[in-house]
>>> print(open('input.txt').read())   # compact mmCIF, C-alpha atoms
# COMPACT_ATOMS: atom_id res chain seq x y z
CA MET L 1 -23.05 6.96 -11.44
CA SER L 2 -21.85 4.22 -9.10
CA ALA L 3 -18.87 4.86 -6.83
CA ARG L 4 -15.45 4.01 -8.19
CA VAL L 5 -13.50 1.16 -6.62
CA ALA L 6 -9.78 0.89 -5.83
CA VAL L 7 -7.37 -1.72 -4.51
CA VAL L 8 -4.48 -0.19 -2.52
CA THR L 9 -1.46 -2.11 -1.22
CA GLY L 10 0.84 -0.98 1.58
CA ALA L 11 -2.28 0.48 3.14
CA ALA L 12 -1.70 0.09 6.89
CA ARG L 13 0.22 3.35 7.31
CA GLY L 14 2.25 6.04 5.57
CA ILE L 15 1.44 7.09 2.02
CA GLY L 16 -0.70 4.00 1.40
CA ALA L 17 -2.96 4.81 4.34
CA ALA L 18 -3.15 8.44 3.23
CA VAL L 19 -4.27 7.28 -0.23
CA VAL L 20 -7.00 5.10 1.28
CA ARG L 21 -8.22 7.98 3.45
CA GLN L 22 -8.37 10.46 0.59
CA LEU L 23 -10.08 8.04 -1.78
CA ALA L 24 -12.64 7.18 0.89
CA GLN L 25 -13.25 10.87 1.55
CA GLU L 26 -13.88 11.32 -2.18
CA GLY L 27 -16.52 8.59 -2.14
CA TRP L 28 -14.49 5.65 -3.43
CA ARG L 29 -14.91 2.07 -2.27
CA VAL L 30 -11.49 0.68 -1.30
CA VAL L 31 -9.94 -2.70 -0.60
CA ALA L 32 -6.98 -1.84 1.65
CA VAL L 33 -4.21 -4.46 1.58
CA ASP L 34 -1.15 -4.87 3.78
CA ILE L 35 1.13 -7.69 4.90
CA CYS L 36 0.70 -6.72 8.58
CA ALA L 37 3.82 -8.59 9.61
CA ASP L 38 7.50 -7.90 10.13
CA LEU L 39 10.12 -9.42 7.84
CA PRO L 40 13.56 -10.71 8.91
CA ALA L 41 15.38 -8.91 6.08
CA VAL L 42 13.80 -5.56 6.96
CA GLY L 43 15.40 -3.82 9.91
CA TYR L 44 12.34 -1.97 11.21
CA ARG L 45 8.73 -2.66 12.16
CA LEU L 46 6.18 -2.78 9.36
CA GLY L 47 2.52 -1.82 9.52
CA SER L 48 0.39 -3.82 11.94
CA ARG L 49 -2.94 -5.62 11.76
CA GLU L 50 -4.27 -3.14 14.29
CA GLN L 51 -3.32 -0.16 12.11
CA LEU L 52 -4.98 -1.66 9.04
CA ALA L 53 -8.13 -2.55 10.96
CA ALA L 54 -8.33 0.92 12.50
CA LEU L 55 -8.04 2.48 9.04
CA ALA L 56 -10.90 0.37 7.69
CA ALA L 57 -13.00 1.11 10.79
CA GLU L 58 -12.97 4.81 9.84
CA TRP L 59 -15.17 3.91 6.84
CA PRO L 60 -16.88 0.62 7.78
CA ASP L 61 -19.24 0.68 4.77
CA THR L 62 -16.74 1.60 2.08
CA VAL L 63 -13.29 0.28 3.08
CA VAL L 64 -12.50 -3.42 3.45
CA ASP L 65 -9.18 -4.47 4.97
CA VAL L 66 -7.31 -7.50 3.66
CA VAL L 67 -4.14 -9.01 5.07
CA ALA L 68 -2.05 -10.17 2.12
CA ASP L 69 1.58 -10.26 1.01
CA VAL L 70 2.19 -8.55 -2.35
CA ARG L 71 4.78 -11.24 -3.09
CA ASP L 72 1.87 -13.72 -3.20
CA ALA L 73 0.18 -13.33 -6.59
CA GLY L 74 -2.70 -15.56 -5.52
CA ALA L 75 -3.43 -13.44 -2.46
CA LEU L 76 -3.63 -10.31 -4.60
CA ALA L 77 -5.92 -12.07 -7.06
CA ASP L 78 -8.16 -12.92 -4.11
CA ALA L 79 -8.17 -9.28 -3.01
CA VAL L 80 -9.22 -8.17 -6.48
CA ALA L 81 -11.95 -10.83 -6.57
CA LEU L 82 -13.17 -9.51 -3.21
CA ALA L 83 -13.34 -5.98 -4.61
CA GLU L 84 -15.41 -7.16 -7.55
CA ARG L 85 -17.63 -9.27 -5.34
CA GLU L 86 -18.23 -6.65 -2.65
CA PHE L 87 -18.23 -3.47 -4.75
CA GLY L 88 -19.00 -4.69 -8.27
CA ALA L 89 -15.82 -3.74 -10.15
CA VAL L 90 -12.29 -2.37 -9.96
CA ASP L 91 -11.48 1.05 -11.40
CA ALA L 92 -8.02 1.74 -9.96
CA ALA L 93 -5.07 -0.02 -8.38
CA VAL L 94 -2.43 1.70 -6.28
CA ALA L 95 0.83 -0.14 -5.58
CA ALA L 96 2.17 1.55 -2.45
CA ALA L 97 3.76 -1.43 -0.70
CA ALA L 98 7.53 -1.05 -0.35
CA VAL L 99 10.39 -1.41 2.10
CA ILE L 100 13.79 0.19 2.42
CA ALA L 101 17.08 -1.50 3.21
CA GLY L 102 20.69 -0.54 2.77
CA GLY L 103 23.21 1.59 4.60
CA ARG L 104 26.19 -0.14 2.99
CA PRO L 105 27.91 0.04 -0.41
CA LEU L 106 26.54 -2.28 -3.08
CA TRP L 107 29.46 -4.72 -2.90
CA GLU L 108 28.72 -5.32 0.78
CA THR L 109 24.98 -5.86 0.23
CA GLY L 110 23.75 -9.39 0.88
CA ASP L 111 21.33 -11.39 -1.25
CA GLU L 112 18.59 -11.32 1.40
CA GLU L 113 18.51 -7.52 1.42
CA TRP L 114 18.56 -7.31 -2.38
CA GLU L 115 15.79 -9.89 -2.71
CA VAL L 116 13.39 -8.24 -0.29
CA LEU L 117 13.77 -4.88 -2.05
CA PHE L 118 12.93 -6.38 -5.42
CA ASP L 119 10.38 -8.96 -4.26
CA ILE L 120 8.23 -6.37 -2.51
CA GLY L 121 9.11 -3.20 -4.37
CA VAL L 122 9.09 -4.57 -7.94
CA ARG L 123 7.56 -8.04 -8.02
CA GLY L 124 4.81 -6.78 -5.73
CA VAL L 125 3.96 -4.03 -8.23
CA ALA L 126 3.94 -6.52 -11.09
CA ASN L 127 1.76 -8.92 -9.11
CA LEU L 128 -0.78 -6.17 -8.47
CA ALA L 129 -0.82 -5.30 -12.17
CA ARG L 130 -1.32 -8.93 -13.14
CA ALA L 131 -4.20 -9.22 -10.69
CA CYS L 132 -5.88 -5.88 -11.37
CA VAL L 133 -5.48 -5.20 -15.08
CA PRO L 134 -7.83 -8.01 -16.14
CA ALA L 135 -10.44 -6.56 -13.77
CA LEU L 136 -9.87 -3.08 -15.17
CA LEU L 137 -10.35 -4.50 -18.66
CA ARG L 138 -13.64 -6.08 -17.62
CA ARG L 139 -15.10 -2.59 -17.25
CA PRO L 140 -17.21 -1.61 -20.29
CA GLU L 141 -15.88 0.87 -22.81
CA PRO L 142 -15.20 3.75 -22.71
CA ARG L 143 -12.94 2.82 -19.80
CA SER L 144 -11.10 5.05 -17.33
CA GLY L 145 -9.10 2.47 -15.39
CA ARG L 146 -5.99 3.59 -13.54
CA PHE L 147 -2.84 1.83 -12.33
CA VAL L 148 -0.57 3.94 -10.11
CA ALA L 149 2.69 2.74 -8.57
CA LEU L 150 4.73 4.50 -5.90
CA ALA L 151 8.29 4.93 -7.13
CA SER L 152 10.68 7.38 -5.44
CA ALA L 153 13.10 10.20 -6.05
CA ALA L 154 15.59 7.34 -5.71
CA GLY L 155 14.20 6.04 -9.01
CA HIS L 156 15.73 9.06 -10.76
CA ARG L 157 18.87 9.74 -8.79
CA GLY L 158 21.43 7.51 -7.11
CA LEU L 159 21.44 7.74 -3.33
CA TRP L 160 24.48 7.00 -1.18
CA HIS L 161 24.53 3.45 0.21
CA LEU L 162 21.06 2.75 -1.23
CA ALA L 163 22.00 1.23 -4.59
CA GLY L 164 19.57 -1.68 -4.20
CA TYR L 165 16.68 0.59 -3.27
CA SER L 166 17.50 2.96 -6.15
CA ALA L 167 17.67 0.04 -8.56
CA ALA L 168 14.29 -1.27 -7.40
CA LYS L 169 12.65 2.13 -7.82
CA HIS L 170 14.21 2.57 -11.28
CA ALA L 171 12.64 -0.80 -12.10
CA VAL L 172 9.22 0.43 -10.96
CA VAL L 173 9.47 3.37 -13.37
CA GLY L 174 10.42 1.03 -16.22
CA LEU L 175 7.63 -1.39 -15.34
CA VAL L 176 5.04 1.39 -15.43
CA ARG L 177 6.26 2.66 -18.79
CA GLY L 178 6.09 -0.83 -20.25
CA LEU L 179 2.66 -1.48 -18.75
CA ALA L 180 1.32 1.79 -20.16
CA THR L 181 2.50 0.74 -23.60
CA ASP L 182 0.78 -2.64 -23.23
CA LEU L 183 -2.42 -0.79 -22.30
CA ARG L 184 -2.41 1.55 -25.28
CA GLY L 185 -5.88 2.18 -26.69
CA THR L 186 -7.71 0.49 -23.80
CA GLY L 187 -8.66 3.64 -21.86
CA ILE L 188 -6.56 2.40 -18.93
CA THR L 189 -3.49 4.39 -17.90
CA ALA L 190 -0.38 3.42 -15.94
CA THR L 191 1.67 6.01 -14.07
CA ALA L 192 4.17 6.32 -11.26
CA VAL L 193 4.42 8.86 -8.46
CA SER L 194 7.89 9.58 -7.12
CA PRO L 195 7.83 11.10 -3.63
CA GLY L 196 10.71 12.92 -2.04
CA SER L 197 11.50 12.65 1.66
CA THR L 198 8.10 12.15 3.28
CA GLN L 199 7.43 11.96 7.01
CA THR L 200 6.71 8.25 7.37
CA ASP L 201 8.02 5.25 9.29
CA MET L 202 10.10 4.41 6.22
CA LEU L 203 11.84 7.77 6.45
CA ASP L 204 12.58 7.08 10.13
CA ALA L 205 14.16 3.81 8.97
CA SER L 206 16.15 5.71 6.33
CA ALA L 207 17.50 8.07 8.97
CA ALA L 208 18.55 5.08 11.06
CA LEU L 209 20.42 3.58 8.08
CA TYR L 210 22.39 6.81 7.78
CA GLY L 211 22.88 7.22 11.52
CA LEU L 212 20.96 10.50 11.50
CA PRO L 213 19.36 11.62 14.76
CA ASP L 214 16.51 13.46 13.02
CA THR L 215 14.66 12.98 9.72
CA ALA L 216 14.63 16.78 9.34
CA ASP L 217 18.18 16.45 7.95
CA PHE L 218 16.64 15.12 4.72
CA SER L 219 14.68 18.33 4.11
CA ARG L 220 17.76 20.21 2.91
CA HIS L 221 17.64 18.21 -0.34
CA GLN L 222 14.19 19.56 -1.24
CA LEU L 223 13.35 22.97 -2.71
CA VAL L 224 10.41 23.30 -0.34
CA GLU L 225 12.97 23.13 2.52
CA ARG L 226 10.82 20.81 4.61
CA LEU L 227 9.72 17.21 4.72
CA LEU L 228 6.58 16.29 2.82
CA MET L 229 3.51 14.90 4.53
CA PRO L 230 1.92 11.64 3.29
CA GLN L 231 -1.27 13.53 2.41
CA GLU L 232 0.64 15.67 -0.09
CA VAL L 233 1.90 12.65 -1.99
CA ALA L 234 -1.51 10.97 -1.71
CA ALA L 235 -3.09 14.00 -3.39
CA ALA L 236 -1.02 13.33 -6.51
CA VAL L 237 -1.83 9.61 -6.43
CA CYS L 238 -5.55 10.20 -6.00
CA TRP L 239 -5.66 12.73 -8.83
CA LEU L 240 -4.07 10.15 -11.11
CA CYS L 241 -6.81 7.69 -10.09
CA ARG L 242 -9.53 10.01 -11.34
CA ALA L 243 -11.08 9.83 -14.80
CA GLU L 244 -9.91 13.42 -15.43
CA SER L 245 -6.25 12.32 -15.48
CA SER L 246 -6.75 10.56 -18.83
CA ALA L 247 -3.99 12.49 -20.63
CA VAL L 248 -1.29 11.21 -18.26
CA THR L 249 0.15 7.74 -18.86
CA GLY L 250 3.51 6.03 -19.16
CA THR L 251 5.21 8.70 -17.12
CA VAL L 252 6.10 9.88 -13.63
CA VAL L 253 4.60 12.59 -11.44
CA HIS L 254 7.37 13.98 -9.25
CA ALA L 255 5.69 14.74 -5.91
CA ASP L 256 9.11 15.26 -4.38
CA GLY L 257 9.20 18.82 -3.12
CA GLY L 258 11.82 19.62 -5.73
CA PHE L 259 14.23 16.85 -4.69
CA THR L 260 15.09 16.00 -8.31
CA ALA L 261 14.89 19.55 -9.70
>>> encode(input="input.txt", output="structure tokens")
Amino acid sequence: MSARVAVVTGAARGIGAAVVRQLAQEGWRVVAVDICADLPAVGYRLGSREQLAALAAEWPDTVVDVVADVRDAGALADAVALAEREFGAVDAAVAAAAVIAGGRPLWETGDEEWEVLFDIGVRGVANLARACVPALLRRPEPRSGRFVALASAAGHRGLWHLAGYSAAKHAVVGLVRGLATDLRGTGITATAVSPGSTQTDMLDASAALYGLPDTADFSRHQLVERLLMPQEVAAAVCWLCRAESSAVTGTVVHADGGFTA
């Protein structure tokens, strides 16, 4: 059987990079996508072109890196076309691109902050679905296509001074449930994974928003009493990408260390 093929956004670092690494280790072909640029409305550095290229260089025959903005539907369509051209098909899509912003109550939140949270965290997920689902449907029956979006524990619980981020992640959960319903009977599933506090650059940015000197302060909210590692969340994502996960759709896997227990 030919290797399965995935398109992963937010791939330069963090959970997205961990997903690419695990899929590649399992024999997948991967198109790894990231914006590789900083954004004025985001108060911390985003993944770099060098990080994305270094990730792809670990598997030069099976991982292709693409610089693209998830807010650009055409760019994602081009990435999917590349996957089909280079690897023959698309079997899974993982929407891991996201940013965090906040640190103030909702009524003091500006439009620019609100827009970047929704444009990347929600519209970006929808754009990936619009680009990838037709490719997933082009696979012959019986299909085992997978669409997996990264939500967050914030998509299930309100977090102090992060109303915009919580709202965006709630929207991701709703989007996935609606998409799964649209895909009923096709053999393609749609799911979300909600991480807890995971040791990433985004968590460093979260600590800065709260004025915390150490991200370890977040661990007290989790039953495991420690921060999660990106590989732990990626393990849940990659399992959902497999054909064996066929019974799971329209729902959320809480890879959150017990944050929402």
>>> atom_distance(input="input.txt", atom1="CA of Gly27 in chain L", atom2="CA of Val80 in chain L")
18.8 Å
>>> closest_residue(input="input.txt", among="L:Pro134, L:Gly187, L:Gly250, L:Pro195", to="Leu175 in chain L", atoms="only C-alpha atoms")
L:Gly250
>>> atom_distance(input="input.txt", atom1="CA of Ala163 in chain L", atom2="CA of Pro213 in chain L")
22.1 Å
>>> closest_residue(input="input.txt", among="L:Phe147, L:Ala92, L:Glu232, L:Asp201", to="Leu46 in chain L", atoms="all atoms listed in the file")
L:Asp201
>>> atom_distance(input="input.txt", atom1="CA of Gln231 in chain L", atom2="CA of Ala96 in chain L")
13.4 Å
>>> residues_around(input="input.txt", residues="Val90 in chain L", least_positions_apart="2", cutoff="9 Å", atoms="all atoms listed in the file", output="PyMOL selection string")
chain L and resi 4-7+80+83-84+87-88+92-93+132-133+135-136+138-139+145
>>> write_last_selection(input="input.txt", atoms="C-alpha atoms", output="JSON list (two decimals), in the frame of the given file")
[["chain", "number", "residue", "atom", "x", "y", "z"],
["L", 4, "ARG", "CA", -15.45, 4.01, -8.19],
["L", 5, "VAL", "CA", -13.50, 1.16, -6.62],
["L", 6, "ALA", "CA", -9.78, 0.89, -5.83],
["L", 7, "VAL", "CA", -7.37, -1.72, -4.51],
["L", 80, "VAL", "CA", -9.22, -8.17, -6.48],
["L", 83, "ALA", "CA", -13.34, -5.98, -4.61],
["L", 84, "GLU", "CA", -15.41, -7.16, -7.55],
["L", 87, "PHE", "CA", -18.23, -3.47, -4.75],
["L", 88, "GLY", "CA", -19.00, -4.69, -8.27],
["L", 92, "ALA", "CA", -8.02, 1.74, -9.96],
["L", 93, "ALA", "CA", -5.07, -0.02, -8.38],
["L", 132, "CYS", "CA", -5.88, -5.88, -11.37],
["L", 133, "VAL", "CA", -5.48, -5.20, -15.08],
["L", 135, "ALA", "CA", -10.44, -6.56, -13.77],
["L", 136, "LEU", "CA", -9.87, -3.08, -15.17],
["L", 138, "ARG", "CA", -13.64, -6.08, -17.62],
["L", 139, "ARG", "CA", -15.10, -2.59, -17.25],
["L", 145, "GLY", "CA", -9.10, 2.47, -15.39]]
>>> residues_around(input="input.txt", residues="Ala207 in chain L", least_positions_apart="4", cutoff="10 Å", atoms="only C-alpha atoms", output="list in words")
Gly103, Asp201, Met202, Leu203, Gly211, Leu212, Pro213, Asp214, Thr215, Ala216, Asp217 and Phe218 of chain L
>>> closest_residue(input="input.txt", among="L:Val19, L:Ala180, L:Ala11, L:Val193", to="Ala97 in chain L", atoms="only C-alpha atoms")
L:Ala11
>>> residues_around(input="input.txt", residues="Pro60 in chain L", least_positions_apart="3", cutoff="12 Å", atoms="only C-alpha atoms", output="count of residues only")
13
>>> closest_residue(input="input.txt", among="L:Thr260, L:Asn127, L:Ser144, L:Ser197", to="Arg157 in chain L", atoms="all atoms listed in the file")
L:Thr260
>>> closest_residue(input="input.txt", among="L:Val70, L:Ala81, L:Ala243, L:Val253", to="Ala95 in chain L", atoms="all atoms listed in the file")
L:Val70
>>> residues_around(input="input.txt", residues="Ala205 in chain L", least_positions_apart="5", cutoff="8 Å", atoms="all atoms listed in the file", output="PDB file with C-alpha atoms, in the coordinates of the input")
ATOM      1  CA  GLY L  43      15.400  -3.820   9.910  1.00  0.00           C
ATOM      2  CA  TYR L  44      12.340  -1.970  11.210  1.00  0.00           C
ATOM      3  CA  ILE L 100      13.790   0.190   2.420  1.00  0.00           C
TER       4      ILE L 100
END
>>> residues_around(input="input.txt", residues="Trp107 in chain L", least_positions_apart="5", cutoff="12 Å", atoms="all atoms listed in the file", output="list of chain:residue names")
L:Gly102, L:Trp114, L:His161, L:Leu162, L:Ala163, L:Gly164
>>> write_last_selection(input="input.txt", atoms="C-alpha atoms", output="CSV table (one decimal), keeping the file's coordinate frame")
chain,number,residue,atom,x,y,z
L,102,GLY,CA,20.7,-0.5,2.8
L,114,TRP,CA,18.6,-7.3,-2.4
L,161,HIS,CA,24.5,3.4,0.2
L,162,LEU,CA,21.1,2.8,-1.2
L,163,ALA,CA,22.0,1.2,-4.6
L,164,GLY,CA,19.6,-1.7,-4.2
>>> closest_residue(input="input.txt", among="L:Gly124, L:Pro105, L:Gly258, L:Pro40", to="Ala171 in chain L", atoms="all atoms listed in the file")
L:Gly124
>>> axis_aligned_box(input="input.txt", around="range 10-13 of chain L", padding_each_side="5 Å", output="JSON")
{"center_x": -0.7, "center_y": 1.2, "center_z": 4.4, "size_x": 13.1, "size_y": 14.3, "size_z": 15.7}
>>> build_atoms(input="input.txt", residues="range 82-93 of chain L", atoms="all heavy atoms", output="PDB file, in the coordinates of the input")
ATOM      1  N   LEU L  82     -12.353 -10.064  -4.290  1.00  0.00           N
ATOM      2  CA  LEU L  82     -13.170  -9.510  -3.210  1.00  0.00           C
ATOM      3  C   LEU L  82     -13.721  -8.150  -3.588  1.00  0.00           C
ATOM      4  O   LEU L  82     -14.896  -7.846  -3.346  1.00  0.00           O
ATOM      5  CB  LEU L  82     -12.328  -9.417  -1.934  1.00  0.00           C
ATOM      6  CG  LEU L  82     -12.989  -8.725  -0.738  1.00  0.00           C
ATOM      7  CD1 LEU L  82     -14.185  -9.523  -0.244  1.00  0.00           C
ATOM      8  CD2 LEU L  82     -11.984  -8.522   0.393  1.00  0.00           C
ATOM      9  N   ALA L  83     -12.878  -7.309  -4.185  1.00  0.00           N
ATOM     10  CA  ALA L  83     -13.340  -5.980  -4.610  1.00  0.00           C
ATOM     11  C   ALA L  83     -14.479  -6.088  -5.606  1.00  0.00           C
ATOM     12  O   ALA L  83     -15.483  -5.360  -5.505  1.00  0.00           O
ATOM     13  CB  ALA L  83     -12.173  -5.198  -5.207  1.00  0.00           C
ATOM     14  N   GLU L  84     -14.342  -6.990  -6.561  1.00  0.00           N
ATOM     15  CA  GLU L  84     -15.410  -7.160  -7.550  1.00  0.00           C
ATOM     16  C   GLU L  84     -16.668  -7.740  -6.927  1.00  0.00           C
ATOM     17  O   GLU L  84     -17.793  -7.349  -7.270  1.00  0.00           O
ATOM     18  CB  GLU L  84     -14.918  -8.049  -8.691  1.00  0.00           C
ATOM     19  CG  GLU L  84     -13.849  -7.395  -9.552  1.00  0.00           C
ATOM     20  CD  GLU L  84     -13.495  -8.227 -10.773  1.00  0.00           C
ATOM     21  OE1 GLU L  84     -13.029  -9.372 -10.591  1.00  0.00           O
ATOM     22  OE2 GLU L  84     -13.686  -7.736 -11.888  1.00  0.00           O
ATOM     23  N   ARG L  85     -16.483  -8.648  -5.984  1.00  0.00           N
ATOM     24  CA  ARG L  85     -17.630  -9.270  -5.340  1.00  0.00           C
ATOM     25  C   ARG L  85     -18.371  -8.302  -4.425  1.00  0.00           C
ATOM     26  O   ARG L  85     -19.612  -8.223  -4.435  1.00  0.00           O
ATOM     27  CB  ARG L  85     -17.152 -10.491  -4.557  1.00  0.00           C
ATOM     28  CG  ARG L  85     -18.278 -11.334  -3.951  1.00  0.00           C
ATOM     29  CD  ARG L  85     -17.731 -12.656  -3.437  1.00  0.00           C
ATOM     30  NE  ARG L  85     -16.769 -12.505  -2.352  1.00  0.00           N
ATOM     31  CZ  ARG L  85     -15.467 -12.744  -2.467  1.00  0.00           C
ATOM     32  NH1 ARG L  85     -14.952 -13.124  -3.625  1.00  0.00           N
ATOM     33  NH2 ARG L  85     -14.659 -12.602  -1.426  1.00  0.00           N
ATOM     34  N   GLU L  86     -17.620  -7.544  -3.635  1.00  0.00           N
ATOM     35  CA  GLU L  86     -18.230  -6.650  -2.650  1.00  0.00           C
ATOM     36  C   GLU L  86     -18.718  -5.344  -3.271  1.00  0.00           C
ATOM     37  O   GLU L  86     -19.752  -4.813  -2.875  1.00  0.00           O
ATOM     38  CB  GLU L  86     -17.210  -6.325  -1.544  1.00  0.00           C
ATOM     39  CG  GLU L  86     -16.866  -7.496  -0.659  1.00  0.00           C
ATOM     40  CD  GLU L  86     -18.032  -7.921   0.223  1.00  0.00           C
ATOM     41  OE1 GLU L  86     -18.741  -7.038   0.743  1.00  0.00           O
ATOM     42  OE2 GLU L  86     -18.219  -9.141   0.375  1.00  0.00           O
ATOM     43  N   PHE L  87     -17.950  -4.809  -4.238  1.00  0.00           N
ATOM     44  CA  PHE L  87     -18.230  -3.470  -4.750  1.00  0.00           C
ATOM     45  C   PHE L  87     -18.578  -3.444  -6.235  1.00  0.00           C
ATOM     46  O   PHE L  87     -18.889  -2.388  -6.778  1.00  0.00           O
ATOM     47  CB  PHE L  87     -17.035  -2.550  -4.491  1.00  0.00           C
ATOM     48  CG  PHE L  87     -16.703  -2.398  -3.028  1.00  0.00           C
ATOM     49  CD1 PHE L  87     -15.393  -2.540  -2.577  1.00  0.00           C
ATOM     50  CD2 PHE L  87     -17.687  -2.109  -2.092  1.00  0.00           C
ATOM     51  CE1 PHE L  87     -15.071  -2.377  -1.234  1.00  0.00           C
ATOM     52  CE2 PHE L  87     -17.385  -1.961  -0.743  1.00  0.00           C
ATOM     53  CZ  PHE L  87     -16.065  -2.095  -0.315  1.00  0.00           C
ATOM     54  N   GLY L  88     -18.497  -4.600  -6.909  1.00  0.00           N
ATOM     55  CA  GLY L  88     -19.000  -4.690  -8.270  1.00  0.00           C
ATOM     56  C   GLY L  88     -17.984  -4.519  -9.385  1.00  0.00           C
ATOM     57  O   GLY L  88     -18.266  -4.865 -10.532  1.00  0.00           O
ATOM     58  N   ALA L  89     -16.794  -3.994  -9.091  1.00  0.00           N
ATOM     59  CA  ALA L  89     -15.820  -3.740 -10.150  1.00  0.00           C
ATOM     60  C   ALA L  89     -14.517  -3.266  -9.518  1.00  0.00           C
ATOM     61  O   ALA L  89     -14.432  -3.082  -8.306  1.00  0.00           O
ATOM     62  CB  ALA L  89     -16.342  -2.689 -11.124  1.00  0.00           C
ATOM     63  N   VAL L  90     -13.522  -3.050 -10.368  1.00  0.00           N
ATOM     64  CA  VAL L  90     -12.290  -2.370  -9.960  1.00  0.00           C
ATOM     65  C   VAL L  90     -11.991  -1.296 -10.992  1.00  0.00           C
ATOM     66  O   VAL L  90     -11.996  -1.562 -12.197  1.00  0.00           O
ATOM     67  CB  VAL L  90     -11.091  -3.347  -9.860  1.00  0.00           C
ATOM     68  CG1 VAL L  90      -9.803  -2.593  -9.562  1.00  0.00           C
ATOM     69  CG2 VAL L  90     -11.343  -4.395  -8.782  1.00  0.00           C
ATOM     70  N   ASP L  91     -11.762  -0.075 -10.519  1.00  0.00           N
ATOM     71  CA  ASP L  91     -11.480   1.050 -11.400  1.00  0.00           C
ATOM     72  C   ASP L  91     -10.051   1.562 -11.270  1.00  0.00           C
ATOM     73  O   ASP L  91      -9.575   2.278 -12.159  1.00  0.00           O
ATOM     74  CB  ASP L  91     -12.432   2.210 -11.085  1.00  0.00           C
ATOM     75  CG  ASP L  91     -13.882   1.823 -11.317  1.00  0.00           C
ATOM     76  OD1 ASP L  91     -14.283   1.729 -12.488  1.00  0.00           O
ATOM     77  OD2 ASP L  91     -14.613   1.591 -10.325  1.00  0.00           O
ATOM     78  N   ALA L  92      -9.386   1.253 -10.164  1.00  0.00           N
ATOM     79  CA  ALA L  92      -8.020   1.740  -9.960  1.00  0.00           C
ATOM     80  C   ALA L  92      -7.273   0.791  -9.043  1.00  0.00           C
ATOM     81  O   ALA L  92      -7.860   0.143  -8.171  1.00  0.00           O
ATOM     82  CB  ALA L  92      -8.020   3.147  -9.371  1.00  0.00           C
ATOM     83  N   ALA L  93      -5.958   0.736  -9.253  1.00  0.00           N
ATOM     84  CA  ALA L  93      -5.070  -0.020  -8.380  1.00  0.00           C
ATOM     85  C   ALA L  93      -3.899   0.869  -8.020  1.00  0.00           C
ATOM     86  O   ALA L  93      -3.328   1.536  -8.894  1.00  0.00           O
ATOM     87  CB  ALA L  93      -4.581  -1.287  -9.069  1.00  0.00           C
TER      88      ALA L  93
END
